[in-house]
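Structure file input21.tsv; described as TSV, C-alpha atoms.
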chain	number	residue	atom	x	y	z
A	1448	MET	CA	-76.48	-81.95	-13.84
A	1449	ALA	CA	-76.02	-83.97	-17.02
A	1450	LEU	CA	-76.22	-87.74	-16.58
A	1451	ARG	CA	-73.41	-89.88	-17.94
A	1452	SER	CA	-74.30	-92.28	-20.69
A	1453	PRO	CA	-74.24	-95.93	-19.56
A	1454	ASN	CA	-72.66	-96.79	-22.89
A	1455	ALA	CA	-69.84	-94.29	-22.29
A	1456	GLY	CA	-69.16	-95.78	-18.85
A	1457	SER	CA	-69.11	-99.29	-20.28
A	1458	ALA	CA	-66.71	-98.18	-22.99
A	1459	ARG	CA	-64.34	-96.66	-20.42
A	1460	LEU	CA	-64.47	-99.83	-18.31
A	1461	ALA	CA	-63.81	-101.97	-21.39
A	1462	ALA	CA	-60.85	-99.75	-22.33
A	1463	ARG	CA	-59.35	-100.10	-18.83
A	1464	ARG	CA	-59.78	-103.87	-18.95
A	1465	ASN	CA	-58.28	-103.96	-22.43
A	1466	ALA	CA	-55.24	-101.93	-21.31
A	1467	GLY	CA	-54.81	-104.16	-18.27
A	1468	SER	CA	-54.95	-107.31	-20.37
A	1469	ARG	CA	-52.35	-105.91	-22.76
A	1470	GLN	CA	-50.01	-105.10	-19.87
A	1471	GLU	CA	-50.46	-108.64	-18.50
A	1472	ILE	CA	-49.49	-110.04	-21.90
A	1473	LEU	CA	-46.39	-107.84	-22.06
A	1474	ALA	CA	-45.38	-108.80	-18.51
A	1475	ALA	CA	-45.77	-112.50	-19.36
A	1476	THR	CA	-43.74	-111.98	-22.53
A	1477	ARG	CA	-40.88	-110.45	-20.50
A	1478	THR	CA	-40.97	-113.42	-18.12
A	1479	VAL	CA	-40.75	-115.89	-20.99
A	1480	ILE	CA	-37.94	-113.94	-22.68
A	1481	ALA	CA	-35.93	-114.05	-19.46
A	1482	ARG	CA	-36.40	-117.82	-19.41
A	1483	VAL	CA	-35.92	-118.88	-23.05
A	1484	GLY	CA	-34.44	-115.81	-24.77
A	1485	PRO	CA	-36.03	-113.68	-27.50
A	1486	ALA	CA	-35.01	-115.93	-30.40
A	1487	ALA	CA	-36.82	-118.97	-28.98
A	1488	LEU	CA	-39.95	-117.07	-27.92
A	1489	ARG	CA	-43.23	-118.36	-29.33
A	1490	VAL	CA	-46.78	-117.16	-28.82
A	1491	GLU	CA	-47.57	-120.55	-27.29
A	1492	HIS	CA	-45.06	-119.86	-24.51
A	1493	VAL	CA	-46.80	-116.62	-23.57
A	1494	ALA	CA	-50.23	-118.29	-23.71
A	1495	VAL	CA	-49.07	-121.04	-21.34
A	1496	GLU	CA	-47.55	-118.45	-19.00
A	1497	LEU	CA	-50.92	-116.68	-18.83
A	1498	GLY	CA	-53.05	-119.84	-18.86
A	1499	VAL	CA	-54.98	-118.79	-21.97
A	1500	THR	CA	-55.20	-119.89	-25.60
A	1501	LYS	CA	-53.20	-118.45	-28.50
A	1502	GLN	CA	-56.43	-117.17	-29.97
A	1503	ALA	CA	-57.03	-115.11	-26.83
A	1504	LEU	CA	-53.65	-113.42	-27.31
A	1505	TYR	CA	-54.37	-112.71	-30.97
A	1506	HIS	CA	-57.44	-110.77	-29.85
A	1507	TYR	CA	-55.03	-108.15	-28.45
A	1508	TYR	CA	-52.00	-108.51	-30.72
A	1509	PRO	CA	-52.17	-109.81	-34.31
A	1510	SER	CA	-48.71	-111.44	-34.31
A	1511	LYS	CA	-45.67	-112.28	-32.21
A	1512	GLU	CA	-43.88	-109.33	-33.82
A	1513	ALA	CA	-46.60	-106.97	-32.62
A	1514	VAL	CA	-46.17	-108.20	-29.04
A	1515	LEU	CA	-42.39	-107.91	-29.23
A	1516	PHE	CA	-42.64	-104.41	-30.66
A	1517	GLU	CA	-44.67	-103.29	-27.65
A	1518	VAL	CA	-42.16	-104.87	-25.26
A	1519	VAL	CA	-39.31	-103.11	-27.09
A	1520	ILE	CA	-41.09	-99.75	-26.99
A	1521	ASP	CA	-41.84	-100.14	-23.28
A	1522	GLU	CA	-38.18	-100.95	-22.55
A	1523	LEU	CA	-36.85	-98.05	-24.63
A	1524	VAL	CA	-39.28	-95.55	-23.15
A	1525	ALA	CA	-38.42	-96.66	-19.62
A	1526	VAL	CA	-34.65	-96.43	-20.10
A	1527	ALA	CA	-34.94	-93.19	-22.10
A	1528	HIS	CA	-36.88	-91.50	-19.29
A	1529	ALA	CA	-34.30	-92.72	-16.76
A	1530	VAL	CA	-31.45	-91.38	-18.94
A	1531	ASP	CA	-33.22	-88.06	-19.44
A	1532	GLN	CA	-33.75	-87.57	-15.70
A	1533	ALA	CA	-30.16	-88.49	-14.88
A	1534	ALA	CA	-28.73	-86.25	-17.60
A	1535	ARG	CA	-30.86	-83.30	-16.47
A	1536	ALA	CA	-29.60	-83.78	-12.92
A	1537	ALA	CA	-25.95	-83.84	-14.03
A	1538	PRO	CA	-23.87	-80.76	-13.19
A	1539	ASP	CA	-22.40	-80.32	-16.67
A	1540	GLY	CA	-22.12	-81.75	-20.17
A	1541	ALA	CA	-19.50	-84.32	-19.17
A	1542	GLY	CA	-21.75	-85.48	-16.36
A	1543	ALA	CA	-24.68	-85.74	-18.78
A	1544	LEU	CA	-22.64	-88.04	-21.05
A	1545	GLU	CA	-21.71	-90.09	-18.01
A	1546	ALA	CA	-25.41	-90.30	-17.14
A	1547	ILE	CA	-26.20	-91.77	-20.57
A	1548	ILE	CA	-23.55	-94.45	-20.18
A	1549	ARG	CA	-24.14	-95.41	-16.54
A	1550	THR	CA	-27.95	-95.29	-16.64
A	1551	TYR	CA	-28.26	-97.30	-19.85
A	1552	ALA	CA	-25.74	-99.88	-18.64
A	1553	ALA	CA	-27.45	-100.21	-15.25
A	1554	HIS	CA	-30.82	-100.77	-16.94
A	1555	PHE	CA	-29.70	-103.62	-19.18
A	1556	LEU	CA	-26.66	-105.33	-17.64
A	1557	PRO	CA	-28.83	-107.38	-15.24
A	1558	ARG	CA	-31.22	-108.17	-18.14
A	1559	LEU	CA	-29.05	-108.98	-21.14
A	1560	GLU	CA	-31.75	-111.01	-22.90
A	1561	MET	CA	-33.92	-107.90	-22.97
A	1562	HIS	CA	-31.02	-105.93	-24.44
A	1563	ARG	CA	-30.68	-108.62	-27.09
A	1564	LEU	CA	-34.34	-108.21	-27.98
A	1565	VAL	CA	-34.17	-104.42	-28.11
A	1566	THR	CA	-31.11	-104.37	-30.38
A	1567	MET	CA	-31.96	-107.32	-32.62
A	1568	PHE	CA	-35.71	-106.89	-33.12
A	1569	VAL	CA	-36.04	-106.54	-36.90
A	1570	PRO	CA	-39.57	-107.44	-38.02
A	1571	THR	CA	-40.16	-108.41	-41.62
A	1572	PRO	CA	-42.47	-106.29	-43.83
A	1573	GLU	CA	-44.79	-109.28	-44.18
A	1574	THR	CA	-45.46	-109.48	-40.44
A	1575	PHE	CA	-45.08	-105.93	-39.18
A	1576	ARG	CA	-45.01	-102.58	-40.95
A	1577	ALA	CA	-43.32	-99.39	-39.78
A	1578	THR	CA	-46.26	-97.08	-40.35
A	1579	PRO	CA	-46.12	-93.33	-39.67
A	1580	GLU	CA	-47.95	-94.02	-36.41
A	1581	VAL	CA	-45.28	-96.54	-35.38
A	1582	LEU	CA	-42.44	-94.17	-36.27
A	1583	ALA	CA	-44.15	-91.39	-34.32
A	1584	ARG	CA	-43.82	-93.55	-31.21
A	1585	ILE	CA	-40.16	-94.37	-31.83
A	1586	ARG	CA	-38.64	-91.01	-32.77
A	1587	PRO	CA	-39.40	-89.10	-29.53
A	1588	ILE	CA	-37.31	-91.68	-27.67
A	1589	ASN	CA	-34.19	-90.25	-29.32
A	1590	ASP	CA	-34.83	-86.82	-27.81
A	1591	LEU	CA	-35.18	-88.37	-24.36
A	1592	LEU	CA	-31.92	-90.26	-24.78
A	1593	TYR	CA	-29.85	-87.39	-26.21
A	1594	GLY	CA	-31.66	-84.09	-25.70
A	1595	ALA	CA	-30.56	-83.20	-22.17
A	1596	ALA	CA	-26.90	-84.04	-22.81
A	1597	GLU	CA	-26.98	-82.18	-26.10
A	1598	ALA	CA	-28.34	-79.06	-24.40
A	1599	ARG	CA	-25.72	-79.19	-21.60
A	1600	LEU	CA	-22.85	-79.65	-24.05
A	1601	ALA	CA	-24.11	-76.91	-26.38
A	1602	ALA	CA	-24.39	-74.43	-23.49
A	1603	GLU	CA	-20.74	-74.96	-22.59
A	1604	ARG	CA	-19.34	-74.42	-26.07
A	1605	ARG	CA	-17.61	-71.35	-27.36
A	1606	PRO	CA	-19.93	-69.10	-29.36
A	1607	ARG	CA	-20.04	-69.27	-33.18
A	1608	ARG	CA	-18.97	-72.86	-33.42
A	1609	ARG	CA	-19.10	-74.23	-36.97
A	1610	ASP	CA	-20.30	-77.70	-36.01
A	1611	PRO	CA	-23.76	-77.36	-34.46
A	1612	ARG	CA	-24.32	-81.13	-34.64
A	1613	GLY	CA	-21.32	-81.84	-32.39
A	1614	PRO	CA	-23.15	-82.04	-29.02
A	1615	ARG	CA	-25.84	-84.32	-30.40
A	1616	ARG	CA	-23.18	-86.49	-32.03
A	1617	LEU	CA	-21.29	-86.84	-28.74
A	1618	ALA	CA	-24.48	-87.90	-26.94
A	1619	PHE	CA	-25.33	-90.34	-29.73
A	1620	THR	CA	-21.89	-91.95	-29.77
A	1621	ALA	CA	-21.89	-92.27	-25.96
A	1622	HIS	CA	-25.06	-94.31	-26.43
A	1623	LEU	CA	-23.39	-96.33	-29.21
A	1624	ALA	CA	-20.46	-97.05	-26.91
A	1625	VAL	CA	-22.59	-98.48	-24.13
A	1626	LEU	CA	-24.61	-100.45	-26.69
A	1627	GLY	CA	-21.33	-101.99	-27.84
A	1628	LEU	CA	-20.43	-102.98	-24.30
A	1629	LEU	CA	-23.81	-104.60	-23.72
A	1630	THR	CA	-23.68	-106.42	-27.06
A	1631	MET	CA	-20.21	-107.77	-26.30
A	1632	ARG	CA	-21.49	-109.00	-22.94
A	1633	THR	CA	-24.37	-110.88	-24.59
A	1634	ILE	CA	-21.90	-112.51	-27.02
A	1635	THR	CA	-19.40	-113.55	-24.36
A	1636	ASP	CA	-22.16	-114.82	-22.08
A	1637	SER	CA	-23.62	-116.98	-24.85
A	1638	MET	CA	-20.14	-118.41	-25.54
A	1639	GLN	CA	-19.41	-118.84	-21.81
A	1640	ASP	CA	-16.18	-116.93	-22.37
A	1641	PRO	CA	-16.24	-113.98	-19.94
A	1642	LEU	CA	-14.48	-110.71	-20.60
A	1643	LEU	CA	-11.20	-110.08	-18.78
A	1644	ASP	CA	-12.43	-106.79	-17.31
A	1645	THR	CA	-15.43	-106.39	-15.05
A	1646	ASP	CA	-18.57	-104.53	-16.08
A	1647	ALA	CA	-17.71	-101.74	-13.65
A	1648	GLU	CA	-14.21	-101.36	-15.09
A	1649	LEU	CA	-15.50	-101.18	-18.65
A	1650	VAL	CA	-18.24	-98.71	-17.79
A	1651	ASP	CA	-15.71	-96.54	-15.94
A	1652	GLU	CA	-13.43	-96.60	-18.99
A	1653	LEU	CA	-16.25	-95.44	-21.25
A	1654	VAL	CA	-17.08	-92.67	-18.79
A	1655	ARG	CA	-13.45	-91.47	-18.71
A	1656	THR	CA	-13.31	-91.47	-22.51
A	1657	TYR	CA	-16.48	-89.42	-22.91
A	1658	ARG	CA	-15.68	-87.02	-20.09
A	1659	ALA	CA	-12.41	-86.25	-21.87
A	1660	ALA	CA	-14.29	-85.82	-25.15
A	1661	ALA	CA	-16.70	-83.37	-23.50
A	1662	GLU	CA	-13.82	-81.28	-22.16
A	1663	LYS	CA	-12.16	-81.25	-25.56
A	1664	ASP	CA	-15.42	-80.27	-27.24
A	1665	LYS	CA	-15.55	-77.07	-25.17
A	1666	THR	CA	-12.39	-75.68	-26.74
A	1667	ARG	CA	-12.25	-77.19	-30.21
Could the structure of this file be written out as structure tokens, please?
Amino acid sequence: MALRSPNAGSARLAARRNAGSRQEILAATRTVIARVGPAALRVEHVAVELGVTKQALYHYYPSKEAVLFEVVIDELVAVAHAVDQAARAAPDGAGALEAIIRTYAAHFLPRLEMHRLVTMFVPTPETFRATPEVLARIRPINDLLYGAAEARLAAERRPRRRDPRGPRRLAFTAHLAVLGLLTMRTITDSMQDPLLDTDAELVDELVRTYRAAAEKDKTR
């Protein structure tokens, strides 16, 4: 039996510790965002939350933007997987659109500051670059958000339709609609001027609108 190299074992242990430390930093960053909001976040806040120095954080992430990018990716991957599972479990295309709206809203309505970060995170080229590796992590999220609904809607269409992008567009705009609701909620909350309708009422209205659109798409 071949013996394992001590160096290889040490490297694996170091990698596990490194991954654990990164997750602790991201968890602390989420805690601070919930307390002060994404705009006011500073690396010093995260360092204090963890009881370490700023320099210790920079060992893992070179800038605040790099930390925020990882938080954003984690959030988007988590909600995209939840949407994908819900859409796959839906009985039809209309149900898959409903799954996009309800699942995305349920993920972010209790955590509007995190929604603010996800939608408003725009790093500058001087601090963070969208390399091919970065884009390769972002683009698969779209398929998780829209792919299952697109497939359900496409399967229900009449054959030889001239608009093959229609199902994807419906899934995409359902996502845009719930993003709009969440963004309006962050604005009204910050102004302490609540909306006249409840979250449930607004989500239900979006669902009715997109269910009707799915039915119409079958016969257009």
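Using all atoms listed in the file, the smallest distance between any of A:Ala1537, A:Leu1592, A:Met1567, A:Val1514 and A:Gln1470 comes from A:Val1514.
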Inset, instruction - Name the residues in contact with A:Ala1536 at a cut-off of 12 Å, using only C-alpha atoms, excluding same-chain residues fewer than 3 positions from it; report them as a PyMOL selection string. - result: chain A and resi 1529-1533+1539-1547+1595-1596+1599
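You can rank A:Ala1475, A:Ile1634, A:Leu1628, A:Ala1659 by their closest distance to A:Val1518 using all atoms listed in the file, and at the top of that list sits A:Ala1475.
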Inset, instruction - Pick out the residues sitting within 9 Å of A:Lys1511, and hand them over as a PyMOL selection string; count all atoms listed in the file, and ignore anything fewer than 4 positions along from it in its own chain. - result: chain A and resi 1488-1490+1505+1515-1516+1574
